[in-house]
file input28.txt (compact mmCIF, C-alpha atoms and all ligand atoms)
# COMPACT_ATOMS: atom_id res chain seq x y z
CA MET A 1 29.29 -5.33 -16.43
CA PRO A 2 31.97 -3.16 -18.07
CA ASP A 3 30.32 -3.98 -21.42
CA LEU A 4 26.87 -3.03 -20.12
CA LEU A 5 28.18 0.21 -18.57
CA ALA A 6 29.66 1.14 -21.95
CA ASN A 7 26.63 -0.06 -23.97
CA PRO A 8 23.50 -0.05 -21.79
CA ASP A 9 20.55 -2.19 -22.89
CA GLN A 10 17.14 -3.21 -21.52
CA SER A 11 18.43 -6.18 -19.50
CA LEU A 12 17.66 -6.38 -15.79
CA LEU A 13 21.32 -5.92 -14.88
CA SER A 14 21.84 -2.96 -17.20
CA VAL A 15 18.70 -1.13 -16.03
CA GLN A 16 19.79 -1.49 -12.41
CA LEU A 17 23.32 -0.30 -13.15
CA GLU A 18 21.91 2.74 -14.98
CA ALA A 19 19.63 3.46 -12.00
CA GLY A 20 22.66 3.54 -9.68
CA LEU A 21 21.64 0.62 -7.47
CA SER A 22 24.35 -0.63 -5.11
CA PRO A 23 26.08 -4.00 -5.75
CA GLU A 24 24.24 -5.38 -2.72
CA GLN A 25 20.89 -4.35 -4.24
CA TYR A 26 21.45 -5.56 -7.79
CA ARG A 27 22.99 -8.84 -6.62
CA ALA A 28 19.94 -9.52 -4.43
CA ASN A 29 17.55 -8.61 -7.25
CA ILE A 30 19.36 -10.77 -9.83
CA LYS A 31 19.43 -13.69 -7.39
CA LEU A 32 15.70 -13.37 -6.78
CA ALA A 33 14.94 -12.90 -10.45
CA ILE A 34 16.70 -16.21 -11.17
CA SER A 35 14.88 -18.12 -8.41
CA GLY A 36 11.60 -16.20 -8.73
CA GLY A 37 11.81 -16.37 -12.48
CA GLN A 38 11.91 -20.16 -12.36
CA ASN A 39 10.13 -21.44 -9.24
CA GLU A 40 6.93 -19.47 -9.39
CA PRO A 41 6.26 -19.58 -13.14
CA ARG A 42 6.96 -23.34 -13.07
CA ASP A 43 4.50 -23.85 -10.20
CA VAL A 44 1.86 -21.51 -11.61
CA ILE A 45 1.94 -22.79 -15.18
CA ALA A 46 1.44 -26.41 -14.02
CA GLY A 47 -0.95 -25.45 -11.21
CA ALA A 48 -3.19 -23.23 -13.34
CA ILE A 49 -3.38 -25.95 -16.01
CA TRP A 50 -4.40 -28.41 -13.28
CA ALA A 51 -6.99 -25.98 -11.89
CA LEU A 52 -8.56 -25.48 -15.34
CA LEU A 53 -8.51 -29.18 -16.24
CA SER A 54 -10.17 -30.03 -12.94
CA HIS A 55 -12.75 -27.20 -13.34
CA PRO A 56 -13.81 -27.72 -16.98
CA ASP A 57 -16.74 -25.29 -16.60
CA GLN A 58 -14.19 -22.51 -15.96
CA LEU A 59 -11.99 -23.55 -18.87
CA GLU A 60 -15.10 -23.34 -21.03
CA LEU A 61 -15.66 -19.70 -19.92
CA ILE A 62 -12.25 -18.88 -21.39
CA ARG A 63 -12.78 -20.90 -24.57
CA GLU A 64 -16.11 -19.16 -25.23
CA GLY A 65 -14.46 -15.75 -24.62
CA THR A 66 -16.41 -14.68 -21.52
CA HIS A 67 -13.25 -14.66 -19.37
CA SER A 68 -9.52 -14.53 -20.01
CA TRP A 69 -6.36 -16.52 -19.35
CA MET A 70 -5.38 -13.57 -17.14
CA ASP A 71 -8.49 -14.19 -15.01
CA ALA A 72 -7.42 -17.83 -14.62
CA PHE A 73 -3.84 -16.85 -13.78
CA GLU A 74 -4.81 -14.18 -11.23
CA GLU A 75 -7.47 -16.34 -9.57
CA TYR A 76 -5.19 -19.38 -9.41
CA SER A 77 -2.48 -17.20 -7.82
CA ARG A 78 -4.98 -15.91 -5.24
CA TRP A 79 -6.40 -19.35 -4.54
CA MET A 80 -3.09 -21.24 -4.24
CA SER A 81 -0.63 -18.46 -3.32
CA PRO A 82 2.51 -19.76 -5.10
CA ILE A 83 4.49 -17.80 -2.51
CA GLY A 84 2.55 -18.58 0.63
CA MET A 85 4.74 -16.72 3.08
CA SER A 86 7.80 -14.53 3.30
CA PRO A 87 9.91 -13.89 6.42
CA ARG A 88 10.89 -10.51 7.89
CA ARG A 89 13.08 -9.26 10.72
CA VAL A 90 11.36 -6.68 12.91
CA ALA A 91 13.33 -3.39 12.81
CA LYS A 92 11.69 -1.49 15.66
CA ALA A 93 9.34 -2.15 18.57
CA HIS A 94 5.70 -2.26 17.50
CA THR A 95 2.37 -3.56 18.76
CA LEU A 96 0.07 -5.19 16.23
CA HIS A 97 -3.43 -6.31 17.26
CA GLY A 98 -2.22 -6.55 20.88
CA VAL A 99 0.91 -8.55 20.02
CA SER A 100 4.21 -6.91 21.02
CA LEU A 101 6.99 -7.17 18.46
CA SER A 102 10.61 -6.40 19.42
CA PRO A 103 13.62 -5.52 17.26
CA ASP A 104 15.17 -8.64 15.68
CA ASP A 105 12.03 -10.75 16.17
CA ARG A 106 11.35 -12.95 13.15
CA VAL A 107 7.85 -12.78 11.67
CA PHE A 108 6.18 -14.40 8.68
CA PHE A 109 3.98 -12.55 6.21
CA MET A 110 1.24 -15.02 5.33
CA PHE A 111 0.24 -14.10 1.77
CA GLY A 112 -1.70 -17.38 1.59
CA ALA A 113 -3.86 -16.44 4.59
CA GLY A 114 -4.52 -12.94 3.20
CA ASN A 115 -5.54 -14.39 -0.15
CA ARG A 116 -8.19 -16.53 1.54
CA ASP A 117 -9.41 -13.87 3.99
CA GLU A 118 -13.17 -14.45 4.15
CA THR A 119 -13.77 -10.80 5.09
CA VAL A 120 -12.31 -9.81 1.70
CA PHE A 121 -13.22 -12.71 -0.65
CA SER A 122 -16.55 -14.50 -0.55
CA ASP A 123 -16.25 -18.29 -0.44
CA PRO A 124 -12.43 -17.91 -0.58
CA ASP A 125 -11.63 -21.63 -0.82
CA ARG A 126 -13.39 -21.85 -4.17
CA PHE A 127 -11.48 -21.47 -7.47
CA ASP A 128 -13.66 -19.02 -9.38
CA ILE A 129 -12.21 -17.10 -12.32
CA THR A 130 -15.29 -14.85 -12.43
CA ARG A 131 -14.62 -13.30 -9.01
CA ASP A 132 -13.06 -9.89 -8.28
CA TYR A 133 -9.48 -10.90 -7.39
CA SER A 134 -8.12 -7.34 -7.37
CA ALA A 135 -7.46 -7.33 -3.60
CA ALA A 136 -5.22 -10.42 -3.80
CA ILE A 137 -1.63 -10.10 -2.56
CA SER A 138 -0.11 -12.99 -4.54
CA PHE A 139 2.76 -10.73 -5.65
CA GLY A 140 3.24 -9.23 -2.18
CA ALA A 141 2.55 -5.61 -1.26
CA GLY A 142 4.47 -2.45 -0.41
CA PRO A 143 8.14 -1.74 -1.10
CA HIS A 144 9.02 -5.38 -1.90
CA PHE A 145 6.16 -5.94 -4.34
CA CYS A 146 7.32 -8.51 -6.92
CA ALA A 147 9.69 -6.89 -9.40
CA GLY A 148 8.74 -9.54 -11.98
CA ALA A 149 4.93 -9.33 -11.64
CA TRP A 150 4.30 -8.03 -15.15
CA ALA A 151 6.91 -10.33 -16.70
CA ALA A 152 5.16 -13.25 -14.96
CA ARG A 153 1.68 -12.12 -16.09
CA CYS A 154 2.89 -11.84 -19.67
CA LEU A 155 4.83 -15.11 -19.63
CA ILE A 156 2.05 -17.16 -18.06
CA ALA A 157 -1.27 -15.56 -19.04
CA GLU A 158 -0.36 -14.23 -22.49
CA VAL A 159 2.01 -16.96 -23.68
CA ALA A 160 2.16 -20.26 -21.74
CA LEU A 161 -1.52 -20.93 -20.92
CA PRO A 162 -3.03 -19.98 -24.30
CA MET A 163 -0.24 -21.82 -26.13
CA ILE A 164 -0.58 -25.11 -24.28
CA PHE A 165 -4.38 -25.26 -24.55
CA GLU A 166 -4.23 -24.32 -28.22
CA ARG A 167 -1.50 -26.84 -29.09
CA LEU A 168 -2.94 -29.69 -26.98
CA PRO A 169 -6.72 -29.23 -27.14
CA ASP A 170 -7.45 -32.61 -25.55
CA LEU A 171 -4.89 -32.27 -22.73
CA ARG A 172 -6.20 -34.20 -19.72
CA LEU A 173 -5.13 -35.20 -16.22
CA ASP A 174 -3.88 -38.75 -15.98
CA GLY A 175 -3.42 -39.37 -12.26
CA PRO A 176 -3.51 -37.69 -8.85
CA VAL A 177 -1.85 -34.28 -8.48
CA PRO A 178 -0.37 -33.82 -4.98
CA PHE A 179 0.37 -30.25 -3.82
CA GLY A 180 3.11 -29.28 -1.39
CA GLY A 181 5.05 -26.37 0.09
CA TRP A 182 3.87 -23.25 1.85
CA ALA A 183 6.74 -20.83 1.16
CA PHE A 184 6.80 -22.09 -2.46
CA ARG A 185 3.57 -23.93 -3.19
CA GLY A 186 2.69 -25.94 -6.26
CA PRO A 187 1.99 -29.36 -7.74
CA LEU A 188 4.68 -31.90 -6.83
CA SER A 189 3.93 -34.01 -9.88
CA MET A 190 1.30 -33.76 -12.58
CA PRO A 191 0.67 -36.72 -14.87
CA VAL A 192 -1.12 -35.65 -18.06
CA ALA A 193 -1.99 -37.24 -21.41
CA TRP A 194 -2.89 -35.94 -24.87
CA SER A 195 -3.40 -37.31 -28.36
CA THR A 196 -0.74 -36.84 -30.98
CA GLY A 197 -3.26 -36.88 -33.80
CA THR A 198 -1.20 -39.39 -35.81
C1 LIG B 1 3.60 -16.08 -10.72
C2 LIG B 1 4.86 -15.76 -10.55
C3 LIG B 1 5.40 -14.99 -9.36
C4 LIG B 1 4.87 -14.83 -8.11
C5 LIG B 1 3.56 -15.39 -7.55
C6 LIG B 1 5.79 -13.97 -7.37
C7 LIG B 1 5.59 -13.55 -6.07
C8 LIG B 1 6.42 -12.68 -5.39
C9 LIG B 1 6.18 -12.19 -4.05
C10 LIG B 1 5.01 -12.58 -3.15
C11 LIG B 1 7.19 -11.33 -3.74
C12 LIG B 1 7.36 -10.51 -2.44
C13 LIG B 1 8.18 -11.26 -1.44
C14 LIG B 1 8.32 -10.51 -0.13
O1 LIG B 1 7.63 -9.50 0.12
O2 LIG B 1 9.15 -10.94 0.69
C15 LIG B 1 8.10 -11.29 -4.88
C16 LIG B 1 9.26 -10.54 -4.96
C17 LIG B 1 10.12 -10.53 -6.03
N1 LIG B 1 9.97 -11.20 -7.23
FE1 LIG B 1 8.38 -12.36 -7.74
N2 LIG B 1 6.85 -13.64 -8.18
C18 LIG B 1 6.66 -14.24 -9.41
C19 LIG B 1 7.48 -14.16 -10.52
C20 LIG B 1 8.66 -13.44 -10.59
C21 LIG B 1 9.49 -13.34 -11.77
C22 LIG B 1 9.18 -13.99 -13.12
C23 LIG B 1 10.56 -12.56 -11.43
C24 LIG B 1 11.73 -12.08 -12.24
C25 LIG B 1 11.85 -12.26 -13.54
C26 LIG B 1 10.40 -12.18 -10.03
C27 LIG B 1 11.27 -11.39 -9.32
C28 LIG B 1 11.05 -10.92 -8.04
C29 LIG B 1 11.97 -10.01 -7.34
C30 LIG B 1 13.31 -9.45 -7.89
C31 LIG B 1 11.38 -9.77 -6.08
C32 LIG B 1 11.95 -8.92 -4.94
C33 LIG B 1 11.43 -7.52 -4.99
C34 LIG B 1 11.97 -6.73 -3.81
O3 LIG B 1 12.26 -7.31 -2.75
O4 LIG B 1 12.07 -5.51 -3.94
N3 LIG B 1 9.23 -12.73 -9.56
N4 LIG B 1 7.59 -12.11 -5.88

call {"tool": "encode", "arguments": {"input": "input28.txt", "output": "structure tokens"}}
result
Amino acid sequence: MPDLLANPDQSLLSVQLEAGLSPEQYRANIKLAISGGQNEPRDVIAGAIWALLSHPDQLELIREGTHSWMDAFEEYSRWMSPIGMSPRRVAKAHTLHGVSLSPDDRVFFMFGAGNRDETVFSDPDRFDITRDYSAAISFGAGPHFCAGAWAARCLIAEVALPMIFERLPDLRLDGPVPFGGWAFRGPLSMPVAWSTGT
């Protein structure tokens, strides 16, 4: 930190120090960037590959240029909600849809339920990269919206997905893919096979 204060750079820590965030704030953000930077990209890279391999018609839409890897990433994130829920502590008394909430009550934000709200998305249980996914809340909403959303979009939709399908054009599933988790949701294992070409 003394080095970064003397010579600021574009790193997450340096930017936060320059912005005057408190130690409590930048520690929390760094901690979440480490866990968020690993858990969710890991789950989404594997999960989106699985979704495309098990919906070859949709993979074809990308290969023929009608839709993009970003469409696949955003729709997978809506459909599977890699972060399905996040907890909160109620700060002040409030009534929501007839339910009374008191200070210190614990509540869960259900991103997964919002992302499959049938009043917002038609046929929400279907993986469909051609749909309008713009109302999805896969990265949260409001003041705690994911600080790494654009890093994740770039990492997954602009680098990882195109690279793996380009390098391994005959990548295929080679066994069942069980899913688990609702706070952090993704494939628990994903057997795949490909030809080496030799
Ligand atoms: C597809 C990948 C990702 C998904 C789906 C995702 C999802 C989310 C969600 C839903 C939240 C809000 C949680 C809440 O409201 O309680 C969040 C917050 C956050 N995420 Fe991500 N995330 C992803 C990748 C990343 C990456 C790559 C980083 C960092 C490099 C990151 C850093 C953070 C941080 C620091 C917060 C806390 C923001 C705050 O509380 O102000 N995330 N993320």

call {"tool": "closest_residue", "arguments": {"input": "input28.txt", "among": "A:Glu64, A:Asp3, A:Glu75, A:Asp9", "to": "ligand LIG 1 (chain B)", "atoms": "only C-alpha atoms and all ligand atoms"}}
result
A:Glu75

call {"tool": "axis_aligned_box", "arguments": {"input": "input28.txt", "around": "segment 172-184 of chain A", "padding_each_side": "4 Å", "output": "JSON"}}
result
{"center_x": 0.3, "center_y": -30.1, "center_z": -8.9, "size_x": 21.0, "size_y": 26.5, "size_z": 29.6}

call {"tool": "residues_around", "arguments": {"input": "input28.txt", "residues": "segment 17-31 of chain A", "least_positions_apart": "6", "cutoff": "10 Å", "atoms": "all atoms listed in the file", "output": "ChimeraX atom specification"}}
result
/A:1,4-5,8-9,11,37,147

call {"tool": "write_last_selection", "arguments": {"input": "input28.txt", "atoms": "C-alpha atoms", "output": "CSV table (one decimal), in the frame of the given file"}}
result
chain,number,residue,atom,x,y,z
A,1,MET,CA,29.3,-5.3,-16.4
A,4,LEU,CA,26.9,-3.0,-20.1
A,5,LEU,CA,28.2,0.2,-18.6
A,8,PRO,CA,23.5,0.0,-21.8
A,9,ASP,CA,20.6,-2.2,-22.9
A,11,SER,CA,18.4,-6.2,-19.5
A,37,GLY,CA,11.8,-16.4,-12.5
A,147,ALA,CA,9.7,-6.9,-9.4

call {"tool": "closest_residue", "arguments": {"input": "input28.txt", "among": "A:Pro41, A:Pro124, A:Gly47, A:Gly98", "to": "ligand LIG 1 (chain B)", "atoms": "all atoms listed in the file"}}
result
A:Pro41

call {"tool": "closest_atom_pairs", "arguments": {"input": "input28.txt", "of": "segment 117-185 of chain A", "to": "segment 49-55 of chain A", "cutoff": "12 Å", "atoms": "only C-alpha atoms", "output": "Markdown table"}}
result
| residue | atom | partner | partner_atom | distance |
| --- | --- | --- | --- | --- |
| A:Arg126 | CA | A:His55 | CA | 10.6 |
| A:Phe127 | CA | A:Ala51 | CA | 7.7 |
| A:Asp128 | CA | A:His55 | CA | 9.1 |
| A:Ile129 | CA | A:Leu52 | CA | 9.6 |
| A:Ile156 | CA | A:Ile49 | CA | 10.5 |
| A:Ala157 | CA | A:Ile49 | CA | 11.0 |
| A:Ala160 | CA | A:Ile49 | CA | 9.8 |
| A:Leu161 | CA | A:Ile49 | CA | 7.3 |
| A:Pro162 | CA | A:Ile49 | CA | 10.2 |
| A:Met163 | CA | A:Ile49 | CA | 11.4 |
| A:Ile164 | CA | A:Ile49 | CA | 8.8 |
| A:Phe165 | CA | A:Ile49 | CA | 8.6 |
| A:Leu168 | CA | A:Ile49 | CA | 11.6 |
| A:Pro169 | CA | A:Leu53 | CA | 11.0 |
| A:Asp170 | CA | A:Leu53 | CA | 10.0 |
| A:Leu171 | CA | A:Leu53 | CA | 8.0 |
| A:Arg172 | CA | A:Leu53 | CA | 6.5 |
| A:Leu173 | CA | A:Leu53 | CA | 6.9 |
| A:Asp174 | CA | A:Leu53 | CA | 10.6 |
| A:Gly175 | CA | A:Trp50 | CA | 11.1 |
| A:Pro176 | CA | A:Trp50 | CA | 10.3 |
| A:Val177 | CA | A:Trp50 | CA | 8.0 |
| A:Pro178 | CA | A:Trp50 | CA | 10.7 |
| A:Phe179 | CA | A:Trp50 | CA | 10.8 |

call {"tool": "closest_atom_pairs", "arguments": {"input": "input28.txt", "of": "chain A", "to": "ligand LIG 1 (chain B)", "cutoff": "6 Å", "atoms": "all atoms listed in the file", "output": "Markdown table"}}
result
| residue | atom | partner | partner_atom | distance |
| --- | --- | --- | --- | --- |
| A:Asn29 | CA | B:LIG1 | C30 | 4.4 |
| A:Leu32 | CA | B:LIG1 | C30 | 4.7 |
| A:Ala33 | CA | B:LIG1 | C24 | 3.8 |
| A:Gly36 | CA | B:LIG1 | N3 | 4.3 |
| A:Gly37 | CA | B:LIG1 | C22 | 3.6 |
| A:Glu40 | CA | B:LIG1 | C2 | 4.4 |
| A:Pro41 | CA | B:LIG1 | C2 | 4.8 |
| A:Val44 | CA | B:LIG1 | C1 | 5.8 |
| A:Pro82 | CA | B:LIG1 | C5 | 5.1 |
| A:Ile83 | CA | B:LIG1 | C10 | 5.3 |
| A:Ser86 | CA | B:LIG1 | O2 | 4.6 |
| A:Ser138 | CA | B:LIG1 | C5 | 5.3 |
| A:Phe139 | CA | B:LIG1 | C10 | 3.8 |
| A:Gly140 | CA | B:LIG1 | C10 | 3.9 |
| A:His144 | CA | B:LIG1 | O4 | 3.7 |
| A:Phe145 | CA | B:LIG1 | C12 | 5.1 |
| A:Cys146 | CA | B:LIG1 | C16 | 3.4 |
| A:Ala147 | CA | B:LIG1 | C29 | 4.4 |
| A:Gly148 | CA | B:LIG1 | C23 | 3.6 |
| A:Ala149 | CA | B:LIG1 | C19 | 5.6 |
| A:Ala151 | CA | B:LIG1 | C22 | 5.6 |
| A:Ala152 | CA | B:LIG1 | C22 | 4.5 |

call {"tool": "residues_around", "arguments": {"input": "input28.txt", "residues": "Pro103 of chain A", "least_positions_apart": "4", "cutoff": "8 Å", "atoms": "all atoms listed in the file", "output": "ChimeraX atom specification"}}
result
/A:89-93

call {"tool": "atom_distance", "arguments": {"input": "input28.txt", "atom1": "atom CA of Met80 of chain A", "atom2": "atom CA of Ser195 of chain A"}}
result
29.0 Å

call {"tool": "atom_distance", "arguments": {"input": "input28.txt", "atom1": "atom CA of Phe73 of chain A", "atom2": "atom CA of Val107 of chain A"}}
result
28.3 Å

call {"tool": "atom_distance", "arguments": {"input": "input28.txt", "atom1": "atom CA of Tyr133 of chain A", "atom2": "atom CA of Met190 of chain A"}}
result
25.8 Å

call {"tool": "closest_residue", "arguments": {"input": "input28.txt", "among": "A:Thr119, A:Gln16, A:Gln38, A:Thr130", "to": "Glu74 of chain A", "atoms": "only C-alpha atoms"}}
result
A:Thr130

call {"tool": "residues_around", "arguments": {"input": "input28.txt", "residues": "Arg63 of chain A", "least_positions_apart": "2", "cutoff": "12 Å", "atoms": "only C-alpha atoms", "output": "number ranges by chain"}}
result
A: 52, 56-61, 65-69, 72, 161-162, 165-166, 169

call {"tool": "decode", "arguments": {"input": "input28.txt", "residues": "segment 117-136 of chain A", "atoms": "N, CA and C atoms", "output": "PDB file, in the first residue's frame"}}
result
ATOM      1  N   ASP A 117     -38.858 -14.553 -13.525  1.00  0.00           N
ATOM      2  CA  ASP A 117     -40.192 -13.975 -13.294  1.00  0.00           C
ATOM      3  C   ASP A 117     -40.978 -14.018 -14.605  1.00  0.00           C
ATOM      4  N   GLU A 118     -42.071 -14.782 -14.599  1.00  0.00           N
ATOM      5  CA  GLU A 118     -42.815 -14.981 -15.857  1.00  0.00           C
ATOM      6  C   GLU A 118     -43.585 -13.729 -16.265  1.00  0.00           C
ATOM      7  N   THR A 119     -43.687 -12.731 -15.363  1.00  0.00           N
ATOM      8  CA  THR A 119     -44.332 -11.482 -15.786  1.00  0.00           C
ATOM      9  C   THR A 119     -43.330 -10.572 -16.515  1.00  0.00           C
ATOM     10  N   VAL A 120     -42.069 -10.949 -16.473  1.00  0.00           N
ATOM     11  CA  VAL A 120     -41.022 -10.140 -17.132  1.00  0.00           C
ATOM     12  C   VAL A 120     -40.452 -10.867 -18.351  1.00  0.00           C
ATOM     13  N   PHE A 121     -40.228 -12.190 -18.205  1.00  0.00           N
ATOM     14  CA  PHE A 121     -39.616 -12.978 -19.296  1.00  0.00           C
ATOM     15  C   PHE A 121     -40.621 -14.033 -19.763  1.00  0.00           C
ATOM     16  N   SER A 122     -40.844 -14.101 -21.070  1.00  0.00           N
ATOM     17  CA  SER A 122     -41.756 -15.139 -21.554  1.00  0.00           C
ATOM     18  C   SER A 122     -41.009 -16.479 -21.557  1.00  0.00           C
ATOM     19  N   ASP A 123     -41.748 -17.527 -21.159  1.00  0.00           N
ATOM     20  CA  ASP A 123     -41.177 -18.873 -21.106  1.00  0.00           C
ATOM     21  C   ASP A 123     -39.810 -18.848 -20.399  1.00  0.00           C
ATOM     22  N   PRO A 124     -39.784 -18.372 -19.130  1.00  0.00           N
ATOM     23  CA  PRO A 124     -38.508 -18.058 -18.472  1.00  0.00           C
ATOM     24  C   PRO A 124     -37.609 -19.262 -18.215  1.00  0.00           C
ATOM     25  N   ASP A 125     -38.185 -20.481 -18.209  1.00  0.00           N
ATOM     26  CA  ASP A 125     -37.345 -21.648 -17.910  1.00  0.00           C
ATOM     27  C   ASP A 125     -36.558 -22.114 -19.131  1.00  0.00           C
ATOM     28  N   ARG A 126     -36.789 -21.451 -20.264  1.00  0.00           N
ATOM     29  CA  ARG A 126     -36.113 -21.870 -21.490  1.00  0.00           C
ATOM     30  C   ARG A 126     -34.828 -21.062 -21.704  1.00  0.00           C
ATOM     31  N   PHE A 127     -33.744 -21.756 -22.060  1.00  0.00           N
ATOM     32  CA  PHE A 127     -32.483 -21.088 -22.422  1.00  0.00           C
ATOM     33  C   PHE A 127     -32.618 -20.631 -23.870  1.00  0.00           C
ATOM     34  N   ASP A 128     -32.629 -19.318 -24.077  1.00  0.00           N
ATOM     35  CA  ASP A 128     -32.902 -18.792 -25.419  1.00  0.00           C
ATOM     36  C   ASP A 128     -32.060 -17.530 -25.626  1.00  0.00           C
ATOM     37  N   ILE A 129     -30.950 -17.686 -26.353  1.00  0.00           N
ATOM     38  CA  ILE A 129     -30.018 -16.554 -26.494  1.00  0.00           C
ATOM     39  C   ILE A 129     -30.570 -15.454 -27.397  1.00  0.00           C
ATOM     40  N   THR A 130     -31.747 -15.700 -28.014  1.00  0.00           N
ATOM     41  CA  THR A 130     -32.325 -14.661 -28.874  1.00  0.00           C
ATOM     42  C   THR A 130     -33.277 -13.741 -28.095  1.00  0.00           C
ATOM     43  N   ARG A 131     -33.520 -14.052 -26.822  1.00  0.00           N
ATOM     44  CA  ARG A 131     -34.506 -13.245 -26.086  1.00  0.00           C
ATOM     45  C   ARG A 131     -33.911 -11.896 -25.644  1.00  0.00           C
ATOM     46  N   ASP A 132     -34.803 -10.993 -25.201  1.00  0.00           N
ATOM     47  CA  ASP A 132     -34.366  -9.732 -24.598  1.00  0.00           C
ATOM     48  C   ASP A 132     -34.087 -10.011 -23.120  1.00  0.00           C
ATOM     49  N   TYR A 133     -32.814 -10.053 -22.752  1.00  0.00           N
ATOM     50  CA  TYR A 133     -32.425 -10.378 -21.365  1.00  0.00           C
ATOM     51  C   TYR A 133     -32.123  -9.114 -20.564  1.00  0.00           C
ATOM     52  N   SER A 134     -32.429  -7.928 -21.133  1.00  0.00           N
ATOM     53  CA  SER A 134     -31.930  -6.693 -20.514  1.00  0.00           C
ATOM     54  C   SER A 134     -32.498  -6.436 -19.111  1.00  0.00           C
ATOM     55  N   ALA A 135     -33.631  -7.065 -18.762  1.00  0.00           N
ATOM     56  CA  ALA A 135     -34.185  -6.829 -17.426  1.00  0.00           C
ATOM     57  C   ALA A 135     -33.617  -7.792 -16.381  1.00  0.00           C
ATOM     58  N   ALA A 136     -32.682  -8.657 -16.776  1.00  0.00           N
ATOM     59  CA  ALA A 136     -32.135  -9.639 -15.829  1.00  0.00           C
ATOM     60  C   ALA A 136     -31.349  -8.934 -14.721  1.00  0.00           C
TER      61      ALA A 136
END
